[in-house]
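**Student:** See query-v7.cif below, with mmCIF, C-alpha atoms and all ligand atoms.
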data_final
#
loop_
_atom_site.label_atom_id
_atom_site.label_comp_id
_atom_site.auth_asym_id
_atom_site.auth_seq_id
_atom_site.Cartn_x
_atom_site.Cartn_y
_atom_site.Cartn_z
CA MET A 1 -22.76 24.73 -7.69
CA ARG A 2 -20.14 26.45 -9.82
CA ILE A 3 -16.61 25.04 -9.80
CA ASP A 4 -13.65 26.67 -11.55
CA VAL A 5 -10.38 24.78 -11.89
CA VAL A 6 -7.09 26.37 -12.96
CA SER A 7 -4.36 24.01 -14.12
CA ILE A 8 -1.53 23.78 -16.64
CA PHE A 9 -2.96 20.36 -17.58
CA PRO A 10 -6.67 20.96 -18.17
CA ALA A 11 -6.97 17.61 -19.99
CA PHE A 12 -6.74 15.90 -16.58
CA PHE A 13 -10.32 16.95 -16.02
CA ASP A 14 -11.80 15.44 -19.20
CA VAL A 15 -13.02 12.51 -17.08
CA LEU A 16 -15.51 14.84 -15.41
CA ASP A 17 -17.70 14.19 -18.47
CA VAL A 18 -18.30 10.55 -17.52
CA SER A 19 -20.34 8.74 -14.86
CA LEU A 20 -22.48 10.48 -12.23
CA LEU A 21 -20.58 13.77 -12.33
CA GLY A 22 -20.90 13.86 -16.13
CA LYS A 23 -24.66 13.47 -15.73
CA ALA A 24 -24.71 16.15 -13.02
CA ARG A 25 -22.94 18.51 -15.41
CA SER A 26 -25.41 17.77 -18.21
CA ALA A 27 -28.30 18.27 -15.78
CA GLY A 28 -26.91 21.67 -14.72
CA ILE A 29 -26.40 20.61 -11.08
CA LEU A 30 -22.67 21.04 -11.43
CA ASP A 31 -21.21 23.86 -13.54
CA VAL A 32 -17.53 22.94 -13.89
CA ARG A 33 -15.25 25.27 -15.85
CA VAL A 34 -11.66 24.17 -16.43
CA HIS A 35 -9.07 26.83 -17.33
CA ASP A 36 -5.50 26.64 -18.64
CA LEU A 37 -3.25 28.82 -16.47
CA ARG A 38 -1.09 29.51 -19.54
CA ASP A 39 -3.97 31.54 -21.03
CA TRP A 40 -2.97 34.24 -18.51
CA THR A 41 0.69 34.39 -19.63
CA HIS A 42 1.93 37.01 -22.10
CA ASP A 43 5.32 35.73 -23.27
CA ARG A 44 6.10 33.61 -26.32
CA HIS A 45 6.82 30.51 -24.23
CA ARG A 46 3.72 30.91 -22.04
CA THR A 47 5.94 30.66 -18.96
CA VAL A 48 4.36 29.78 -15.62
CA ASP A 49 7.45 28.95 -13.52
CA ASP A 50 10.77 30.40 -12.49
CA THR A 51 13.71 29.60 -10.19
CA PRO A 52 13.21 29.96 -6.42
CA TYR A 53 14.54 32.98 -4.54
CA GLY A 54 17.09 31.78 -1.99
CA GLY A 55 18.11 28.88 -4.21
CA GLY A 56 17.14 25.25 -3.96
CA ALA A 57 15.94 22.50 -6.24
CA GLY A 58 13.04 22.79 -8.64
CA MET A 59 10.94 25.62 -9.99
CA VAL A 60 8.19 27.73 -8.43
CA MET A 61 4.97 28.86 -10.13
CA LYS A 62 5.11 32.58 -10.91
CA PRO A 63 2.54 34.83 -9.22
CA GLU A 64 1.58 36.96 -12.26
CA PRO A 65 -0.48 34.37 -14.23
CA TRP A 66 -2.15 33.22 -11.00
CA GLY A 67 -3.09 36.80 -10.08
CA LEU A 68 -4.68 37.43 -13.49
CA ALA A 69 -6.49 34.07 -13.46
CA LEU A 70 -7.91 34.62 -9.98
CA ASP A 71 -8.96 38.19 -10.79
CA GLU A 72 -10.94 36.96 -13.78
CA ILE A 73 -12.46 33.88 -12.12
CA ALA A 74 -12.91 34.93 -8.50
CA GLY A 75 -12.42 38.70 -8.62
CA PRO A 76 -12.48 41.58 -8.53
CA PRO A 77 -10.86 42.17 -5.12
CA ALA A 78 -13.36 43.23 -2.47
CA PRO A 79 -13.28 46.95 -1.59
CA ASP A 80 -13.33 46.17 2.14
CA ALA A 81 -11.56 43.39 4.01
CA ALA A 82 -14.74 41.77 5.38
CA ALA A 83 -16.52 41.23 2.06
CA PRO A 84 -14.72 38.05 0.85
CA ASP A 85 -16.34 36.05 3.67
CA GLY A 86 -19.87 36.87 2.46
CA PRO A 87 -22.21 34.17 1.14
CA ASP A 88 -21.37 34.97 -2.49
CA ALA A 89 -17.61 34.98 -1.98
CA PRO A 90 -15.90 31.99 -3.56
CA ILE A 91 -13.98 29.44 -1.54
CA ILE A 92 -10.55 29.28 -3.15
CA ILE A 93 -8.84 25.94 -2.58
CA PHE A 94 -5.20 25.25 -3.26
CA PRO A 95 -4.31 21.55 -3.00
CA SER A 96 -1.11 21.19 -1.00
CA PRO A 97 0.62 18.41 0.94
CA ALA A 98 1.25 21.10 3.55
CA GLY A 99 -2.47 21.86 4.01
CA GLU A 100 -5.28 20.65 6.29
CA VAL A 101 -6.24 17.04 5.48
CA PHE A 102 -9.34 16.61 3.31
CA THR A 103 -12.00 14.50 5.06
CA GLN A 104 -15.66 13.63 4.59
CA ALA A 105 -16.43 16.54 6.94
CA THR A 106 -14.52 18.89 4.59
CA ALA A 107 -16.49 17.50 1.64
CA ARG A 108 -19.79 18.09 3.48
CA GLU A 109 -18.75 21.63 4.39
CA LEU A 110 -17.70 22.48 0.83
CA SER A 111 -20.87 20.95 -0.62
CA GLY A 112 -22.79 23.84 0.95
CA ALA A 113 -20.85 26.49 -1.02
CA SER A 114 -22.13 28.09 -4.21
CA HIS A 115 -18.73 28.70 -5.85
CA LEU A 116 -15.48 26.76 -5.44
CA VAL A 117 -12.24 27.73 -7.19
CA PHE A 118 -9.39 25.19 -7.30
CA GLY A 119 -5.82 26.23 -8.13
CA CYS A 120 -3.61 23.28 -9.07
CA GLY A 121 0.05 23.67 -8.19
CA ARG A 122 2.90 21.99 -10.08
CA TYR A 123 6.70 21.98 -9.70
CA GLU A 124 7.65 22.97 -6.11
CA GLY A 125 4.35 24.76 -5.70
CA ILE A 126 2.98 28.29 -6.11
CA ASP A 127 4.63 31.57 -5.01
CA GLU A 128 3.41 32.07 -1.42
CA ARG A 129 2.12 35.60 -2.15
CA VAL A 130 -0.63 34.15 -4.34
CA PHE A 131 -2.29 32.59 -1.26
CA GLU A 132 -2.17 35.97 0.52
CA TYR A 133 -3.58 37.79 -2.49
CA ALA A 134 -6.36 35.21 -2.93
CA LYS A 135 -7.65 36.18 0.53
CA THR A 136 -8.76 39.51 -0.94
CA LEU A 137 -11.07 37.60 -3.31
CA GLY A 138 -12.58 34.86 -1.18
CA SER A 139 -11.90 32.51 1.68
CA VAL A 140 -8.76 30.51 1.09
CA ARG A 141 -8.07 26.89 2.09
CA LEU A 142 -4.90 24.87 1.57
CA VAL A 143 -6.05 21.27 1.48
CA SER A 144 -4.09 18.02 1.40
CA LEU A 145 -5.31 14.71 0.08
CA GLY A 146 -3.07 12.88 2.54
CA ASP A 147 0.44 12.61 3.88
CA TYR A 148 2.24 11.92 0.62
CA VAL A 149 3.45 14.06 -2.28
CA LEU A 150 1.87 14.06 -5.74
CA ASN A 151 3.41 15.66 -8.83
CA GLY A 152 0.60 18.18 -9.09
CA GLY A 153 -2.73 19.25 -7.64
CA GLU A 154 -4.89 17.79 -10.43
CA VAL A 155 -5.45 14.32 -8.94
CA ALA A 156 -6.20 15.86 -5.54
CA VAL A 157 -8.70 18.26 -7.07
CA MET A 158 -10.38 15.45 -9.01
CA ALA A 159 -10.83 13.54 -5.74
CA MET A 160 -12.23 16.61 -3.99
CA ILE A 161 -14.65 17.45 -6.82
CA GLU A 162 -15.95 13.87 -6.80
CA ALA A 163 -16.33 13.76 -3.01
CA VAL A 164 -18.09 17.15 -2.93
CA GLY A 165 -20.11 16.67 -6.12
CA ARG A 166 -21.70 13.38 -5.04
CA LEU A 167 -23.12 15.14 -1.96
CA LEU A 168 -25.08 17.65 -4.05
CA PRO A 169 -28.81 16.92 -4.17
CA GLY A 170 -29.73 14.95 -7.30
CA VAL A 171 -26.25 13.60 -8.10
CA VAL A 172 -26.51 10.20 -6.37
CA GLY A 173 -29.82 8.45 -7.12
CA ASN A 174 -30.62 7.27 -3.58
CA PRO A 175 -29.64 9.94 -1.01
CA GLU A 176 -29.92 7.35 1.81
CA SER A 177 -26.84 5.58 0.48
CA LEU A 178 -24.82 8.72 1.29
CA VAL A 179 -25.81 8.66 4.96
CA GLU A 180 -24.77 5.05 5.61
CA GLU A 181 -21.29 5.35 4.18
CA SER A 182 -17.86 5.12 5.75
CA HIS A 183 -16.81 8.29 7.61
CA GLU A 184 -20.32 9.74 7.83
CA GLU A 185 -20.78 8.64 11.46
CA GLY A 186 -17.10 8.47 12.36
CA LEU A 187 -17.10 4.73 11.60
CA LEU A 188 -16.21 2.63 8.56
CA GLU A 189 -19.07 1.07 6.62
CA TYR A 190 -20.28 -2.47 7.38
CA PRO A 191 -19.53 -5.30 4.87
CA SER A 192 -21.91 -5.62 1.92
CA TYR A 193 -23.06 -8.76 0.08
CA THR A 194 -25.27 -9.53 -2.91
CA LYS A 195 -26.57 -12.66 -4.67
CA PRO A 196 -25.78 -15.55 -4.78
CA SER A 197 -26.00 -16.40 -1.07
CA THR A 198 -23.21 -18.98 -1.50
CA TRP A 199 -20.25 -18.28 -3.77
CA ARG A 200 -17.16 -20.46 -4.08
CA GLY A 201 -17.88 -22.07 -0.74
CA ARG A 202 -18.39 -18.75 1.06
CA ASP A 203 -21.78 -18.00 2.64
CA VAL A 204 -23.41 -14.64 3.22
CA PRO A 205 -23.79 -14.12 7.02
CA GLU A 206 -27.01 -15.84 8.14
CA VAL A 207 -28.44 -12.74 9.82
CA LEU A 208 -28.64 -10.87 6.51
CA LEU A 209 -30.99 -13.57 5.15
CA SER A 210 -33.19 -13.54 8.27
CA GLY A 211 -35.48 -10.65 7.33
CA ASN A 212 -35.14 -9.42 10.95
CA HIS A 213 -34.39 -5.73 10.45
CA GLY A 214 -33.49 -5.08 14.09
CA ALA A 215 -31.01 -7.95 14.15
CA ILE A 216 -29.54 -6.82 10.82
CA ALA A 217 -29.08 -3.25 12.05
CA ALA A 218 -27.43 -4.48 15.28
CA TRP A 219 -25.10 -6.82 13.35
CA ARG A 220 -24.12 -4.07 10.94
CA HIS A 221 -23.34 -1.68 13.76
CA GLU A 222 -21.16 -4.31 15.50
CA GLN A 223 -19.33 -4.86 12.22
CA GLN A 224 -18.76 -1.12 11.81
CA VAL A 225 -17.28 -0.78 15.29
CA GLU A 226 -15.11 -3.90 14.94
CA ARG A 227 -13.85 -2.96 11.48
CA THR A 228 -13.03 0.54 12.63
CA ARG A 229 -11.25 -0.80 15.74
CA VAL A 230 -9.06 -3.09 13.61
CA ARG A 231 -8.43 -0.92 10.56
CA ARG A 232 -8.70 2.67 11.82
CA PRO A 233 -8.44 2.85 15.62
CA ASP A 234 -7.55 6.54 15.23
CA LEU A 235 -11.18 7.22 14.21
CA LEU A 236 -12.51 5.70 17.46
CA ARG A 237 -10.15 7.84 19.50
CA GLU A 238 -11.48 10.94 17.69
CA THR A 239 -15.07 10.11 18.70
CA ASP A 240 -14.19 9.34 22.39
N1 LIG B 301 7.27 21.29 -2.57
C1 LIG B 301 5.95 20.96 -2.10
C2 LIG B 301 6.02 20.53 -0.64
O1 LIG B 301 6.98 19.89 -0.28
O2 LIG B 301 5.06 20.83 0.11
C3 LIG B 301 5.35 19.85 -2.94
C4 LIG B 301 5.04 20.29 -4.31
S1 LIG B 301 4.22 19.04 -5.25
C5 LIG B 301 5.52 18.27 -6.09
C6 LIG B 301 3.42 19.97 -6.51
C7 LIG B 301 1.94 20.22 -6.29
O3 LIG B 301 1.25 18.99 -6.15
C8 LIG B 301 1.57 21.01 -5.04
O4 LIG B 301 1.71 22.39 -5.24
C9 LIG B 301 0.13 20.60 -4.86
O5 LIG B 301 -0.73 21.35 -5.69
C10 LIG B 301 0.11 19.16 -5.35
N2 LIG B 301 0.16 18.16 -4.29
C11 LIG B 301 1.19 17.32 -4.01
N3 LIG B 301 0.89 16.50 -3.00
C12 LIG B 301 -0.36 16.79 -2.61
C13 LIG B 301 -1.22 16.29 -1.59
N4 LIG B 301 -0.85 15.32 -0.76
N5 LIG B 301 -2.44 16.83 -1.48
C14 LIG B 301 -2.83 17.83 -2.29
N6 LIG B 301 -2.05 18.35 -3.28
C15 LIG B 301 -0.83 17.85 -3.43
#
Would it be possible to restate this file's structure as structure tokens?
Ligand code: SAM
**Tutor:**
Amino acid sequence: MRIDVVSIFPAFFDVLDVSLLGKARSAGILDVRVHDLRDWTHDRHRTVDDTPYGGGAGMVMKPEPWGLALDEIAGPPAPDAAAPDGPDAPIIIFPSPAGEVFTQATARELSGASHLVFGCGRYEGIDERVFEYAKTLGSVRLVSLGDYVLNGGEVAVMAMIEAVGRLLPGVVGNPESLVEESHEEGLLEYPSYTKPSTWRGRDVPEVLLSGNHGAIAAWRHEQQVERTRVRRPDLLRETD
């Protein structure tokens, strides 16, 4: 999978060289290219923001550098309106607190794409026309990490790249561990324990030491349902 990221703080993404994603990059599973938006500015100050039309607090990211960046990374614009939805068209994702909420289902969906482009906003966000223009280059998604406001899109994009990247074949050693995780079946994961069986007066649940695989599976499922009921009852309502 190819991933392009455009940001005014490319150093945020240096951590993509470590851990499993770092290995996936070295192995060629993940081709991540991080770009500095300011490389597409042409003035002495490498300006990427300006005051908002209509007034108001804060600055807005100018459309011109974004247009040039997207043309180079995701372009050129398709000659006909239908083409950007084709299998080779990139998915262009703009992190935004005003977007659809990113979930495990979103991560699964995006993990099937061949080319993702992430555009990190800063200040009060990006000039709205950029999102419209991007639709001529690929399919566009505005995606939120959750109902809170970050200073910029970089942390959100890091989270999305990690959630998507770990679903690619060969990134996580044991693919079975991906299936049993929280949110894969609409439930939270069951509690996990390792050795020693007694630690500071606390015992591992007896059933896990029994060797009875049926009983263990039943216990784990009960734990998943109970944990989800207590911590995230909204998830149970979604699966009703
Ligand atoms: N004025 C915007 C609003 O109220 O919707 C918030 C702008 S925020 C300070 C700057 C940038 O941070 C956004 O353009 C977006 O890229 C990113 N961002 C902030 N919160 C986010 C969230 N919850 N999920 C994804 N991206 C977020």
**Student:** Do a neighbour search on segment 110-122 of chain A at 8 Å with only C-alpha atoms, toss out local chain neighbours closer than 3 positions, and write the hits as a PyMOL selection string.
**Tutor:** chain A and resi 1-8+60-61+73-74+88-96+106-107+125-126+151-154+157+164-165+167-168
**Student:** Just to confirm, what's the straight-line distance from atom CA of Glu226 of chain A to atom CA of Pro191 of chain A in Å (one decimal)?
**Tutor:**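 Spanning atom CA of Glu226 of chain A to atom CA of Pro191 of chain A is a straight-line distance of 11.1 Å.
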**Student:** Between A:Glu100, A:Glu72, A:Asp43, A:Asp36, which residue has the minimum interatomic distance to ligand LIG 301 (chain B), considering only C-alpha atoms and all ligand atoms?
**Tutor:**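 Checking each of A:Glu100, A:Glu72, A:Asp43, A:Asp36 against ligand LIG 301 (chain B), counting only C-alpha atoms and all ligand atoms, the winner is A:Glu100.
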**Student:** Pick from A:Arg108, A:His35, A:Arg141, A:Arg220: nearest to ligand LIG 301 (chain B), with only C-alpha atoms and all ligand atoms counted?
**Tutor:**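 Answer, going by the shortest atom-to-atom distance: A:Arg141.
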**Student:** How big is the axis-aligned box around the listed atoms of ligand LIG 301 (chain B) once 4 Å is added on each side, and where is its centre? Give both in Å to one decimal, as AutoDock Vina command-line options.
**Tutor:**
--center_x 2.2 --center_y 18.9 --center_z -3.2 --size_x 18.1 --size_y 15.1 --size_z 14.6
**Student:** Pick the closest to Pro233 of chain A from A:Ser197, A:Gly214, A:Arg202, A:Gly186: which is it, counting only C-alpha atoms?
**Tutor:**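 With only C-alpha atoms as the atom set, the closest residue is A:Gly186.
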**Student:** Atom CA of Val230 of chain A and atom C12 of ligand LIG 301 (chain B) are how many Å apart?
**Tutor:**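 Atom-to-atom, atom CA of Val230 of chain A to atom C12 of ligand LIG 301 (chain B), that is 27.1 Å.
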**Student:** For each of A:Asn212, A:Tyr123, A:Tyr53, A:Ile161, take the minimum atom-to-atom distance to Asp31 of chain A, counting all atoms listed in the file, then give the residue where this is smallest.
**Tutor:** A:Ile161
**Student:** Using only C-alpha atoms, can you tell me which of A:Val171, A:Pro77, A:Ala163, A:Pro196 comes closest to Gly138 of chain A?
**Tutor:**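 Smallest separation from Gly138 of chain A among the options: A:Pro77.
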**Student:** Tell me which protein, DNA and RNA residues are within 12 Å of Val179 of chain A, counting only C-alpha atoms, leaving out same-chain ones fewer than 2 positions away, and put them as a PDB file with C-alpha atoms, in the coordinates of the input.
**Tutor:**
ATOM      1  CA  GLN A 104     -15.660  13.630   4.590  1.00  0.00           C
ATOM      2  CA  ARG A 108     -19.790  18.090   3.480  1.00  0.00           C
ATOM      3  CA  ARG A 166     -21.700  13.380  -5.040  1.00  0.00           C
ATOM      4  CA  LEU A 167     -23.120  15.140  -1.960  1.00  0.00           C
ATOM      5  CA  VAL A 172     -26.510  10.200  -6.370  1.00  0.00           C
ATOM      6  CA  ASN A 174     -30.620   7.270  -3.580  1.00  0.00           C
ATOM      7  CA  PRO A 175     -29.640   9.940  -1.010  1.00  0.00           C
ATOM      8  CA  GLU A 176     -29.920   7.350   1.810  1.00  0.00           C
ATOM      9  CA  SER A 177     -26.840   5.580   0.480  1.00  0.00           C
ATOM     10  CA  GLU A 181     -21.290   5.350   4.180  1.00  0.00           C
ATOM     11  CA  SER A 182     -17.860   5.120   5.750  1.00  0.00           C
ATOM     12  CA  HIS A 183     -16.810   8.290   7.610  1.00  0.00           C
ATOM     13  CA  GLU A 184     -20.320   9.740   7.830  1.00  0.00           C
ATOM     14  CA  GLU A 185     -20.780   8.640  11.460  1.00  0.00           C
ATOM     15  CA  GLY A 186     -17.100   8.470  12.360  1.00  0.00           C
ATOM     16  CA  LEU A 187     -17.100   4.730  11.600  1.00  0.00           C
ATOM     17  CA  LEU A 188     -16.210   2.630   8.560  1.00  0.00           C
ATOM     18  CA  GLU A 189     -19.070   1.070   6.620  1.00  0.00           C
TER      19      GLU A 189
END
**Student:** Might you pull out every residue within 12 Å of Leu209 of chain A, with all atoms listed in the file counted and same-chain residues fewer than 6 positions away left off, and present them as an mmCIF file with C-alpha atoms, in the frame of the given file?
**Tutor:**
data_model
loop_
_atom_site.group_PDB
_atom_site.id
_atom_site.type_symbol
_atom_site.label_atom_id
_atom_site.label_comp_id
_atom_site.auth_asym_id
_atom_site.auth_seq_id
_atom_site.Cartn_x
_atom_site.Cartn_y
_atom_site.Cartn_z
ATOM 1 C CA TYR A 193 -23.060 -8.760 0.080
ATOM 2 C CA THR A 194 -25.270 -9.530 -2.910
ATOM 3 C CA LYS A 195 -26.570 -12.660 -4.670
ATOM 4 C CA PRO A 196 -25.780 -15.550 -4.780
ATOM 5 C CA SER A 197 -26.000 -16.400 -1.070
ATOM 6 C CA THR A 198 -23.210 -18.980 -1.500
ATOM 7 C CA ASP A 203 -21.780 -18.000 2.640
ATOM 8 C CA ALA A 215 -31.010 -7.950 14.150
ATOM 9 C CA ILE A 216 -29.540 -6.820 10.820
#
**Student:** Looking at A:Pro169, A:Pro79, A:Val34, A:Glu124, which one is nearest to Gly58 of chain A, with distances taken over all atoms listed in the file?
**Tutor:**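 Among the listed residues, A:Glu124 lies closest to Gly58 of chain A.
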